[in-house]
>>> print(open('input31.cif').read())   # mmCIF, C-alpha atoms
data_entry
#
loop_
_atom_site.group_PDB
_atom_site.id
_atom_site.type_symbol
_atom_site.label_atom_id
_atom_site.label_comp_id
_atom_site.auth_asym_id
_atom_site.auth_seq_id
_atom_site.Cartn_x
_atom_site.Cartn_y
_atom_site.Cartn_z
ATOM 1 C CA MET A 1 130.952 32.536 121.169
ATOM 2 C CA THR A 2 128.972 29.546 122.409
ATOM 3 C CA ARG A 3 125.706 29.673 124.337
ATOM 4 C CA GLY A 4 127.566 28.331 127.364
ATOM 5 C CA SER A 5 130.163 31.087 127.342
ATOM 6 C CA GLN A 6 127.421 33.660 126.827
ATOM 7 C CA ILE A 7 125.722 32.478 130.007
ATOM 8 C CA VAL A 8 129.009 32.822 131.895
ATOM 9 C CA TRP A 9 129.138 36.555 131.091
ATOM 10 C CA ASP A 10 125.430 37.334 131.463
ATOM 11 C CA ASP A 11 124.635 39.162 134.704
ATOM 12 C CA THR A 12 128.255 39.926 135.527
ATOM 13 C CA VAL A 13 130.429 42.999 136.014
ATOM 14 C CA LEU A 14 134.053 42.618 134.928
ATOM 15 C CA PRO A 15 136.594 45.027 136.514
ATOM 16 C CA PHE A 16 139.618 46.005 134.426
ATOM 17 C CA GLN A 17 142.541 48.394 134.406
ATOM 18 C CA LEU A 18 144.326 50.148 131.540
ATOM 19 C CA ASP A 19 147.907 50.259 132.765
ATOM 20 C CA ALA A 20 149.291 52.425 129.938
ATOM 21 C CA SER A 21 146.841 55.261 130.622
ATOM 22 C CA ASP A 22 146.322 54.925 134.392
ATOM 23 C CA MET A 23 142.593 54.224 134.155
ATOM 24 C CA ARG A 24 140.225 51.697 135.587
ATOM 25 C CA GLY A 25 136.869 50.502 134.344
ATOM 26 C CA ARG A 26 134.051 48.000 134.379
ATOM 27 C CA VAL A 27 132.192 46.011 131.728
ATOM 28 C CA ALA A 28 128.632 44.949 132.597
ATOM 29 C CA ARG A 29 126.236 42.525 130.903
ATOM 30 C CA LEU A 30 122.689 42.239 132.266
ATOM 31 C CA ASP A 31 120.055 39.731 131.192
ATOM 32 C CA GLY A 32 118.248 37.866 133.964
ATOM 33 C CA VAL A 33 118.665 40.878 136.268
ATOM 34 C CA LEU A 34 116.589 43.015 133.914
ATOM 35 C CA SER A 35 114.006 40.269 133.475
ATOM 36 C CA GLY A 36 113.654 40.045 137.244
ATOM 37 C CA ILE A 37 113.237 43.807 137.571
ATOM 38 C CA LEU A 38 110.911 44.460 134.654
ATOM 39 C CA LYS A 39 108.564 41.486 135.003
ATOM 40 C CA GLN A 40 107.361 42.922 138.305
ATOM 41 C CA HIS A 41 105.686 45.806 136.449
ATOM 42 C CA ASP A 42 103.939 46.458 133.157
ATOM 43 C CA TYR A 43 105.958 49.540 132.226
ATOM 44 C CA PRO A 44 105.507 51.361 128.906
ATOM 45 C CA PRO A 45 108.543 50.949 126.592
ATOM 46 C CA ALA A 46 110.033 54.388 127.379
ATOM 47 C CA VAL A 47 109.876 53.695 131.105
ATOM 48 C CA GLU A 48 111.361 50.223 130.596
ATOM 49 C CA ALA A 49 114.269 51.819 128.721
ATOM 50 C CA LEU A 50 114.937 54.296 131.535
ATOM 51 C CA VAL A 51 114.827 51.553 134.170
ATOM 52 C CA ALA A 52 117.172 49.390 132.064
ATOM 53 C CA GLU A 53 119.641 52.268 131.691
ATOM 54 C CA MET A 54 119.479 53.000 135.416
ATOM 55 C CA ALA A 55 120.030 49.318 136.254
ATOM 56 C CA VAL A 56 123.195 48.995 134.184
ATOM 57 C CA LEU A 57 124.540 52.260 135.641
ATOM 58 C CA THR A 58 123.841 50.882 139.104
ATOM 59 C CA ALA A 59 125.690 47.648 138.351
ATOM 60 C CA LEU A 60 128.736 49.505 137.020
ATOM 61 C CA ILE A 61 128.929 52.100 139.784
ATOM 62 C CA GLY A 62 128.067 49.682 142.581
ATOM 63 C CA GLN A 63 130.900 47.333 141.654
ATOM 64 C CA ALA A 64 133.342 50.256 141.457
ATOM 65 C CA VAL A 65 132.648 51.440 145.021
ATOM 66 C CA LYS A 66 134.325 49.871 148.060
ATOM 67 C CA LEU A 67 130.916 48.957 149.351
ATOM 68 C CA ARG A 68 130.016 47.108 152.512
ATOM 69 C CA TRP A 69 126.244 47.357 152.180
ATOM 70 C CA LYS A 70 124.144 49.429 149.769
ATOM 71 C CA LEU A 71 124.473 51.895 146.910
ATOM 72 C CA SER A 72 121.316 53.650 145.686
ATOM 73 C CA LEU A 73 120.729 55.695 142.547
ATOM 74 C CA GLN A 74 117.680 57.898 142.276
ATOM 75 C CA VAL A 75 116.088 60.247 139.765
ATOM 76 C CA GLN A 76 113.482 62.734 140.956
ATOM 77 C CA SER A 77 111.829 64.837 138.273
ATOM 78 C CA LYS A 78 108.845 67.013 137.424
ATOM 79 C CA GLY A 79 108.325 65.123 134.178
ATOM 80 C CA ALA A 80 106.055 62.227 133.264
ATOM 81 C CA VAL A 81 108.524 59.846 134.920
ATOM 82 C CA ARG A 82 108.529 61.222 138.449
ATOM 83 C CA MET A 83 111.037 58.868 140.029
ATOM 84 C CA ILE A 84 113.403 56.018 139.248
ATOM 85 C CA ALA A 85 115.044 54.254 142.183
ATOM 86 C CA THR A 86 117.635 51.485 142.172
ATOM 87 C CA ASP A 87 119.555 49.683 144.906
ATOM 88 C CA TYR A 88 122.771 47.659 144.656
ATOM 89 C CA TYR A 89 123.557 45.384 147.624
ATOM 90 C CA ALA A 90 127.166 44.284 147.928
ATOM 91 C CA PRO A 91 127.916 40.572 148.448
ATOM 92 C CA GLN A 92 128.144 39.761 152.136
ATOM 93 C CA GLU A 93 130.528 36.856 151.652
ATOM 94 C CA GLU A 94 133.180 35.803 149.177
ATOM 95 C CA GLY A 95 131.675 34.124 146.129
ATOM 96 C CA GLN A 96 128.168 35.507 146.618
ATOM 97 C CA SER A 97 126.333 37.584 144.014
ATOM 98 C CA ALA A 98 125.571 41.251 144.377
ATOM 99 C CA GLN A 99 121.855 42.085 144.222
ATOM 100 C CA ILE A 100 120.064 44.788 142.231
ATOM 101 C CA ARG A 101 116.478 45.991 142.406
ATOM 102 C CA ALA A 102 114.715 48.928 140.707
ATOM 103 C CA TYR A 103 111.369 50.549 140.090
ATOM 104 C CA ALA A 104 109.872 53.695 138.544
ATOM 105 C CA SER A 105 106.804 55.824 139.191
ATOM 106 C CA TYR A 106 105.220 57.770 136.340
ATOM 107 C CA ASP A 107 102.099 59.498 135.028
ATOM 108 C CA GLU A 108 101.028 57.450 132.022
ATOM 109 C CA ASP A 109 98.823 60.185 130.572
ATOM 110 C CA ARG A 110 101.828 62.539 130.419
ATOM 111 C CA LEU A 111 104.117 60.165 128.487
ATOM 112 C CA THR A 112 104.919 61.227 124.915
ATOM 113 C CA ASP A 113 106.290 59.564 121.778
ATOM 114 C CA GLY A 114 109.651 61.232 122.419
ATOM 115 C CA ALA A 115 112.905 59.635 123.490
ATOM 116 C CA PRO A 116 113.026 57.989 126.938
ATOM 117 C CA PHE A 117 115.014 60.842 128.514
ATOM 118 C CA ASP A 118 112.385 63.285 127.230
ATOM 119 C CA GLN A 119 109.990 61.721 129.743
ATOM 120 C CA VAL A 120 111.893 63.239 132.673
ATOM 121 C CA GLY A 121 111.796 66.955 133.338
ATOM 122 C CA ASP A 122 113.627 69.280 135.665
ATOM 123 C CA GLY A 123 114.967 67.502 138.681
ATOM 124 C CA TYR A 124 118.043 65.809 140.036
ATOM 125 C CA PHE A 125 120.142 62.650 139.834
ATOM 126 C CA ALA A 126 121.375 61.346 143.185
ATOM 127 C CA ILE A 127 123.852 58.748 144.379
ATOM 128 C CA MET A 128 123.604 57.504 147.961
ATOM 129 C CA ILE A 129 126.070 55.208 149.723
ATOM 130 C CA ASP A 130 125.096 53.475 152.962
ATOM 131 C CA GLN A 131 127.872 51.411 154.529
ATOM 132 C CA GLY A 132 125.584 49.936 157.165
ATOM 133 C CA GLN A 133 124.951 50.209 160.871
ATOM 134 C CA ASP A 134 126.781 52.969 162.777
ATOM 135 C CA MET A 135 127.988 54.578 159.547
ATOM 136 C CA THR A 136 126.784 57.964 158.279
ATOM 137 C CA PRO A 137 125.180 57.628 154.811
ATOM 138 C CA TYR A 138 126.614 59.761 152.008
ATOM 139 C CA GLN A 139 124.538 61.505 149.346
ATOM 140 C CA GLY A 140 125.503 63.575 146.321
ATOM 141 C CA ILE A 141 123.217 65.121 143.723
ATOM 142 C CA THR A 142 123.480 66.784 140.327
ATOM 143 C CA PRO A 143 120.828 68.315 138.050
ATOM 144 C CA LEU A 144 119.295 66.186 135.329
ATOM 145 C CA THR A 145 121.333 67.177 132.302
ATOM 146 C CA GLY A 146 122.974 66.004 129.093
ATOM 147 C CA GLY A 147 120.204 64.066 127.372
ATOM 148 C CA SER A 148 120.633 60.696 129.120
ATOM 149 C CA LEU A 149 120.900 59.152 132.557
ATOM 150 C CA SER A 150 124.497 58.145 131.802
ATOM 151 C CA SER A 151 125.313 61.808 131.072
ATOM 152 C CA CYS A 152 123.815 62.697 134.458
ATOM 153 C CA ALA A 153 126.063 60.112 136.112
ATOM 154 C CA GLU A 154 129.122 61.511 134.312
ATOM 155 C CA ALA A 155 128.203 65.007 135.507
ATOM 156 C CA TYR A 156 127.800 63.716 139.051
ATOM 157 C CA PHE A 157 131.310 62.225 139.125
ATOM 158 C CA ALA A 158 132.843 65.365 137.608
ATOM 159 C CA GLN A 159 130.963 67.754 139.870
ATOM 160 C CA SER A 160 130.834 65.902 143.181
ATOM 161 C CA GLU A 161 133.896 63.636 143.066
ATOM 162 C CA GLN A 162 136.244 65.389 140.605
ATOM 163 C CA LEU A 163 136.669 62.019 138.874
ATOM 164 C CA PRO A 164 136.689 62.040 135.055
ATOM 165 C CA THR A 165 134.189 59.302 134.177
ATOM 166 C CA ARG A 166 132.697 58.043 130.936
ATOM 167 C CA PHE A 167 129.869 55.579 130.305
ATOM 168 C CA SER A 168 129.025 53.864 127.041
ATOM 169 C CA LEU A 169 125.776 51.912 127.367
ATOM 170 C CA SER A 170 123.408 49.928 125.207
ATOM 171 C CA PHE A 171 120.062 48.394 126.139
ATOM 172 C CA GLY A 172 116.965 47.133 124.386
ATOM 173 C CA LEU A 173 114.758 44.205 123.525
ATOM 174 C CA SER A 174 116.653 41.192 122.205
ATOM 175 C CA GLN A 175 115.248 38.108 120.531
ATOM 176 C CA GLU A 176 117.186 35.076 119.405
ATOM 177 C CA PRO A 177 115.717 32.423 117.101
ATOM 178 C CA GLY A 178 113.285 30.208 118.981
ATOM 179 C CA SER A 179 113.105 32.406 122.077
ATOM 180 C CA HIS A 180 110.908 35.202 123.376
ATOM 181 C CA ALA A 181 111.961 38.837 123.228
ATOM 182 C CA HIS A 182 113.498 40.079 126.460
ATOM 183 C CA TRP A 183 115.545 43.018 127.644
ATOM 184 C CA ARG A 184 119.326 42.963 127.638
ATOM 185 C CA ALA A 185 121.753 45.697 128.606
ATOM 186 C CA GLY A 186 125.482 46.204 128.633
ATOM 187 C CA GLY A 187 127.980 48.947 129.140
ATOM 188 C CA ILE A 188 131.485 50.128 129.841
ATOM 189 C CA MET A 189 132.525 52.531 132.575
ATOM 190 C CA LEU A 190 135.890 54.314 132.324
ATOM 191 C CA GLN A 191 137.348 56.336 135.170
ATOM 192 C CA HIS A 192 140.568 58.306 135.388
ATOM 193 C CA MET A 193 141.963 59.289 138.778
ATOM 194 C CA PRO A 194 144.074 62.447 138.262
ATOM 195 C CA LYS A 195 144.420 65.423 140.552
ATOM 196 C CA SER A 196 141.741 68.030 140.062
ATOM 197 C CA SER A 197 142.609 70.558 137.384
ATOM 198 C CA PRO A 198 143.868 74.002 138.518
ATOM 199 C CA PHE A 199 140.509 75.345 137.330
ATOM 200 C CA VAL A 200 138.689 73.158 139.841
ATOM 201 C CA ALA A 201 141.226 73.436 142.637
ATOM 202 C CA SER A 202 141.113 77.237 142.635
ATOM 203 C CA GLY A 203 137.351 77.269 143.004
ATOM 204 C CA GLU A 204 137.044 79.592 140.001
ATOM 205 C CA GLY A 205 134.999 79.168 136.861
ATOM 206 C CA SER A 206 131.753 79.975 135.139
ATOM 207 C CA GLY A 207 129.418 78.119 137.516
ATOM 208 C CA ASP A 208 128.474 75.683 134.766
ATOM 209 C CA ILE A 209 128.226 71.978 135.442
ATOM 210 C CA LEU A 210 131.635 70.360 135.104
ATOM 211 C CA ASN A 211 132.429 67.550 132.717
ATOM 212 C CA ALA A 212 135.326 65.124 132.565
ATOM 213 C CA SER A 213 137.447 67.259 130.212
ATOM 214 C CA ASP A 214 137.505 70.053 132.823
ATOM 215 C CA LEU A 215 139.411 67.784 135.194
ATOM 216 C CA VAL A 216 142.350 66.617 133.086
ATOM 217 C CA ASP A 217 145.213 68.347 131.306
ATOM 218 C CA GLY A 218 148.724 67.545 130.096
ATOM 219 C CA ASP A 219 149.507 63.843 129.819
ATOM 220 C CA ASP A 220 146.350 62.945 131.718
ATOM 221 C CA GLY A 221 144.298 64.884 129.205
ATOM 222 C CA GLU A 222 145.987 63.192 126.270
ATOM 223 C CA ASN A 223 145.407 59.760 127.824
ATOM 224 C CA TRP A 224 141.782 60.575 128.533
ATOM 225 C CA ASN A 225 141.134 61.813 124.990
ATOM 226 C CA ARG A 226 142.901 58.855 123.395
ATOM 227 C CA VAL A 227 141.020 56.226 125.392
ATOM 228 C CA ASN A 228 137.695 57.961 124.777
ATOM 229 C CA ILE A 229 138.347 57.983 121.040
ATOM 230 C CA LEU A 230 138.940 54.228 121.249
ATOM 231 C CA LEU A 231 135.749 53.758 123.253
ATOM 232 C CA ASP A 232 133.813 55.709 120.622
ATOM 233 C CA THR A 233 134.455 52.833 118.184
ATOM 234 C CA VAL A 234 132.434 50.355 120.260
ATOM 235 C CA GLU A 235 129.269 49.005 118.639
ATOM 236 C CA GLU A 236 125.995 48.467 120.468
ATOM 237 C CA ILE A 237 125.981 44.725 119.774
ATOM 238 C CA GLU A 238 129.449 44.474 121.330
ATOM 239 C CA LEU A 239 128.161 46.022 124.551
ATOM 240 C CA ILE A 240 125.071 43.852 124.856
ATOM 241 C CA GLY A 241 126.507 40.653 123.428
ATOM 242 C CA PRO A 242 126.237 37.755 122.908
ATOM 243 C CA SER A 243 128.590 37.908 119.941
ATOM 244 C CA ILE A 244 131.775 38.780 121.838
ATOM 245 C CA PRO A 245 132.976 38.118 125.417
ATOM 246 C CA PRO A 246 133.889 41.220 127.470
ATOM 247 C CA THR A 247 137.535 40.109 127.602
ATOM 248 C CA ASP A 248 137.753 40.019 123.804
ATOM 249 C CA LEU A 249 135.986 43.385 123.635
ATOM 250 C CA LEU A 250 138.581 44.987 125.902
ATOM 251 C CA ILE A 251 141.399 43.645 123.738
ATOM 252 C CA ARG A 252 139.653 44.875 120.594
ATOM 253 C CA LEU A 253 139.159 48.362 122.005
ATOM 254 C CA PHE A 254 142.244 48.889 124.151
ATOM 255 C CA SER A 255 144.982 46.532 123.009
ATOM 256 C CA GLN A 256 147.626 49.299 123.147
ATOM 257 C CA GLU A 257 146.526 50.356 126.640
ATOM 258 C CA GLN A 258 147.629 47.067 128.253
ATOM 259 C CA PRO A 259 144.231 46.001 129.616
ATOM 260 C CA ARG A 260 144.306 43.867 132.732
ATOM 261 C CA VAL A 261 141.170 42.133 134.042
ATOM 262 C CA TYR A 262 140.181 40.988 137.516
ATOM 263 C CA ASP A 263 137.604 38.521 138.793
ATOM 264 C CA ALA A 264 134.100 39.126 137.481
ATOM 265 C CA GLN A 265 131.341 39.901 139.992
ATOM 266 C CA ALA A 266 128.030 38.096 139.527
ATOM 267 C CA VAL A 267 124.858 40.142 139.981
ATOM 268 C CA ARG A 268 121.235 39.056 140.277
ATOM 269 C CA PHE A 269 117.819 40.520 140.890
ATOM 270 C CA GLY A 270 117.025 40.514 144.587
ATOM 271 C CA CYS A 271 114.902 42.340 147.120
ATOM 272 C CA THR A 272 115.448 42.793 150.845
ATOM 273 C CA CYS A 273 111.809 43.374 151.778
ATOM 274 C CA SER A 274 110.255 41.099 154.431
ATOM 275 C CA GLU A 275 107.387 41.000 156.883
ATOM 276 C CA ASP A 276 109.816 41.794 159.704
ATOM 277 C CA ARG A 277 110.969 44.949 157.886
ATOM 278 C CA VAL A 278 107.366 46.056 157.350
ATOM 279 C CA ARG A 279 106.644 45.524 161.034
ATOM 280 C CA GLN A 280 109.787 47.453 161.963
ATOM 281 C CA SER A 281 108.813 50.391 159.740
ATOM 282 C CA LEU A 282 105.378 50.517 161.427
ATOM 283 C CA SER A 283 106.756 50.193 164.945
ATOM 284 C CA ILE A 284 106.936 53.987 165.379
ATOM 285 C CA TYR A 285 103.151 54.393 165.053
ATOM 286 C CA SER A 286 100.550 54.436 167.810
ATOM 287 C CA ALA A 287 97.450 52.255 167.858
ATOM 288 C CA ARG A 288 95.426 55.263 166.683
ATOM 289 C CA ASP A 289 97.779 55.759 163.706
ATOM 290 C CA ILE A 290 97.592 52.069 162.860
ATOM 291 C CA GLU A 291 93.792 52.279 162.967
ATOM 292 C CA LYS A 292 93.893 54.942 160.250
ATOM 293 C CA MET A 293 95.884 52.537 158.047
ATOM 294 C CA THR A 294 93.467 49.649 158.591
ATOM 295 C CA THR A 295 91.286 48.568 155.655
ATOM 296 C CA ASP A 296 87.534 47.968 155.788
ATOM 297 C CA GLU A 297 88.385 44.279 156.075
ATOM 298 C CA GLY A 298 90.273 44.927 159.313
ATOM 299 C CA ARG A 299 93.785 44.403 157.953
ATOM 300 C CA VAL A 300 96.879 46.512 157.318
ATOM 301 C CA THR A 301 98.398 45.835 153.909
ATOM 302 C CA ALA A 302 101.677 46.854 152.285
ATOM 303 C CA ASP A 303 103.118 46.259 148.834
ATOM 304 C CA CYS A 304 106.797 46.326 147.888
ATOM 305 C CA GLN A 305 107.349 48.645 144.917
ATOM 306 C CA PHE A 306 110.519 46.770 143.957
ATOM 307 C CA CYS A 307 109.421 43.129 143.853
ATOM 308 C CA GLY A 308 105.644 43.248 144.138
ATOM 309 C CA ALA A 309 105.469 41.298 147.417
ATOM 310 C CA HIS A 310 102.171 41.798 149.279
ATOM 311 C CA TYR A 311 101.941 41.820 153.071
ATOM 312 C CA ASP A 312 98.631 41.363 154.940
ATOM 313 C CA LEU A 313 98.927 41.995 158.675
ATOM 314 C CA ASP A 314 96.798 42.040 161.812
ATOM 315 C CA PRO A 315 96.654 45.686 162.998
ATOM 316 C CA LYS A 316 96.633 44.578 166.643
ATOM 317 C CA SER A 317 100.143 43.207 166.175
ATOM 318 C CA LEU A 318 101.570 46.471 164.784
ATOM 319 C CA GLY A 319 102.993 49.672 166.241
ATOM 320 C CA PHE A 320 104.577 50.431 169.594
ATOM 321 C CA GLU A 321 101.280 49.657 171.342
ATOM 322 C CA ALA A 322 100.934 46.216 169.747
ATOM 323 C CA GLU A 323 99.281 43.467 171.723
ATOM 324 C CA GLU A 324 102.176 41.148 172.468
ATOM 325 C CA THR A 325 99.925 38.123 172.693
ATOM 326 C CA SER A 326 98.278 38.793 169.334
ATOM 327 C CA GLY A 327 99.268 36.452 166.545
ATOM 328 C CA GLU A 328 98.513 36.071 162.842
#
>>> encode(input="input31.cif", output="structure tokens")
Amino acid sequence: MTRGSQIVWDDTVLPFQLDASDMRGRVARLDGVLSGILKQHDYPPAVEALVAEMAVLTALIGQAVKLRWKLSLQVQSKGAVRMIATDYYAPQEEGQSAQIRAYASYDEDRLTDGAPFDQVGDGYFAIMIDQGQDMTPYQGITPLTGGSLSSCAEAYFAQSEQLPTRFSLSFGLSQEPGSHAHWRAGGIMLQHMPKSSPFVASGEGSGDILNASDLVDGDDGENWNRVNILLDTVEEIELIGPSIPPTDLLIRLFSQEQPRVYDAQAVRFGCTCSEDRVRQSLSIYSARDIEKMTTDEGRVTADCQFCGAHYDLDPKSLGFEAEETSGE
């Protein structure tokens, strides 16, 4: 694989279908997207790993949704890593890139030498879909479970959507000869679309969190098990690259499943923050409220957690009692 072909597949999500087993999926490769996200913050390695995992999940899930505006993933926990938030913005026009942004909040003095997922405690994993103006946002949540963020996402799809879903992800620091170390991530998402199992449809069961195997039986179950066994043979370097293109990887893994690929979707790091949005968010406050936000220097400041942008505003121009003639 040449450097040129590697660049073609970096920061893309490739949709595919396995015709023989009635499944669909996505292959993601992230490079510059992660650099854009992580360079905004000086995260400890465990936090970087969690953000990288969340970003590749967001890319895979966001491309799989018929999305007109925004998909958000969020982790809220009582652990050292209190929150991880990601947004995926769908392309607004044909040929444009999707945009991803992410950030995490954490208590550094509570971080341990354990695995990244050990840094989150009890809490929940949420997926939110906002299709834009005049549309009611959707939100579904599931407890943090299974030892990884990808396991949480699998549990969400089984529990909330009754869709058997599997993720195989890899992420970490990569360094090629003559270049600096930087984060790369890659992954495969598989999704089967059968009817809910009789166990689910009847509303009976133990009350435990569902997993994908609870949702398939008969031929669907055999297909699901077979394809997952094939996916288990994937190697981490194959997921991240750059040694093998995603198309060759699909043939290597699923040649008997008749893989069919569609147009790849480009993704990039991007943030939607702006001064106008900050002003809009402050427009609900009175002059007295704005005064409480004003610094000793007589300014109102705001920082974007996602991209690090800093906004420095005249308090007289903010809120619903703003002086219309006041300017910056």
>>> residues_around(input="input31.cif", residues="A:Leu30", least_positions_apart="2", cutoff="8 Å", atoms="all atoms listed in the file", output="PyMOL selection string")
chain A and resi 10-12+28+32-34+56+184-186+240
>>> resolve_selection(input="input31.cif", expression="the PyMOL selection byres ((chain A and resi 172) around 7)", output="PDB file with C-alpha atoms, in the coordinates of the input")
ATOM      1  CA  ALA A  49     114.269  51.819 128.721  1.00  0.00           C
ATOM      2  CA  PHE A 171     120.062  48.394 126.139  1.00  0.00           C
ATOM      3  CA  LEU A 173     114.758  44.205 123.525  1.00  0.00           C
ATOM      4  CA  SER A 174     116.653  41.192 122.205  1.00  0.00           C
ATOM      5  CA  TRP A 183     115.545  43.018 127.644  1.00  0.00           C
ATOM      6  CA  ARG A 184     119.326  42.963 127.638  1.00  0.00           C
ATOM      7  CA  ALA A 185     121.753  45.697 128.606  1.00  0.00           C
TER       8      ALA A 185
END
>>> resolve_selection(input="input31.cif", expression="the PyMOL selection byres ((chain A and resi 148-155) around 7)", output="VMD selection string")
chain A and resid 54 117 125 142 144 to 147 156 to 159 165 to 167 209 to 211
>>> resolve_selection(input="input31.cif", expression="the PyMOL selection byres ((chain A and resi 85-99) around 7)", output="PyMOL selection string")
chain A and resi 55+58-59+62+67-75+83-84+100-104+265-270
>>> closest_residue(input="input31.cif", among="A:Ala181, A:Ile188, A:Val51, A:Ile251", to="A:Arg29", atoms="only C-alpha atoms")
A:Ile188
>>> residues_around(input="input31.cif", residues="A:Gln17", least_positions_apart="2", cutoff="6 Å", atoms="only C-alpha atoms", output="ChimeraX atom specification")
/A:19,23-24,259-260
>>> closest_residue(input="input31.cif", among="A:Glu321, A:Asp248, A:Glu297, A:Glu161", to="A:Ser283", atoms="all atoms listed in the file")
A:Glu321
>>> residues_near_point(input="input31.cif", point="(98.3, 51.7, 161.4)", cutoff="10 Å", atoms="only C-alpha atoms", output="list of chain:residue names")
A:Leu282, A:Ser283, A:Ile284, A:Tyr285, A:Ser286, A:Ala287, A:Arg288, A:Asp289, A:Ile290, A:Glu291, A:Lys292, A:Met293, A:Thr294, A:Thr295, A:Arg299, A:Val300, A:Thr301, A:Asp314, A:Pro315, A:Lys316, A:Ser317, A:Leu318, A:Gly319
>>> residues_around(input="input31.cif", residues="A:Ala302", least_positions_apart="4", cutoff="8 Å", atoms="only C-alpha atoms", output="ChimeraX atom specification")
/A:278,310-312
>>> residues_around(input="input31.cif", residues="A:Tyr262", least_positions_apart="6", cutoff="7 Å", atoms="all atoms listed in the file", output="VMD selection string")
chain A and resid 14 to 16
>>> residues_around(input="input31.cif", residues="stretch 226-239 of chain A", least_positions_apart="4", cutoff="9 Å", atoms="only C-alpha atoms", output="list of chain:residue names")
A:Ser21, A:Val27, A:Ala28, A:Arg29, A:Arg166, A:Ser168, A:Leu169, A:Ser170, A:Phe171, A:Ala185, A:Gly186, A:Gly187, A:Ile188, A:Leu190, A:Gly221, A:Glu222, A:Ser243, A:Ile244, A:Pro245, A:Pro246, A:Leu249, A:Leu253, A:Phe254, A:Glu257
>>> atom_distance(input="input31.cif", atom1="atom CA of A:His41", atom2="atom CA of A:Ser105")
10.4 Å
>>> closest_residue(input="input31.cif", among="A:Ala264, A:Ala322, A:Gly132, A:Gln76", to="A:Val8", atoms="only C-alpha atoms")
A:Ala264
>>> closest_residue(input="input31.cif", among="A:Gly218, A:Arg277, A:Asp31, A:Glu48", to="A:Ala115", atoms="all atoms listed in the file")
A:Glu48
>>> closest_residue(input="input31.cif", among="A:Asp107, A:Asp303, A:Asp263, A:Asp118", to="A:Pro44", atoms="only C-alpha atoms")
A:Asp107
>>> axis_aligned_box(input="input31.cif", around="stretch 125-139 of chain A", padding_each_side="8 Å", output="JSON")
{"center_x": 124.1, "center_y": 56.3, "center_z": 151.3, "size_x": 23.8, "size_y": 28.7, "size_z": 38.9}
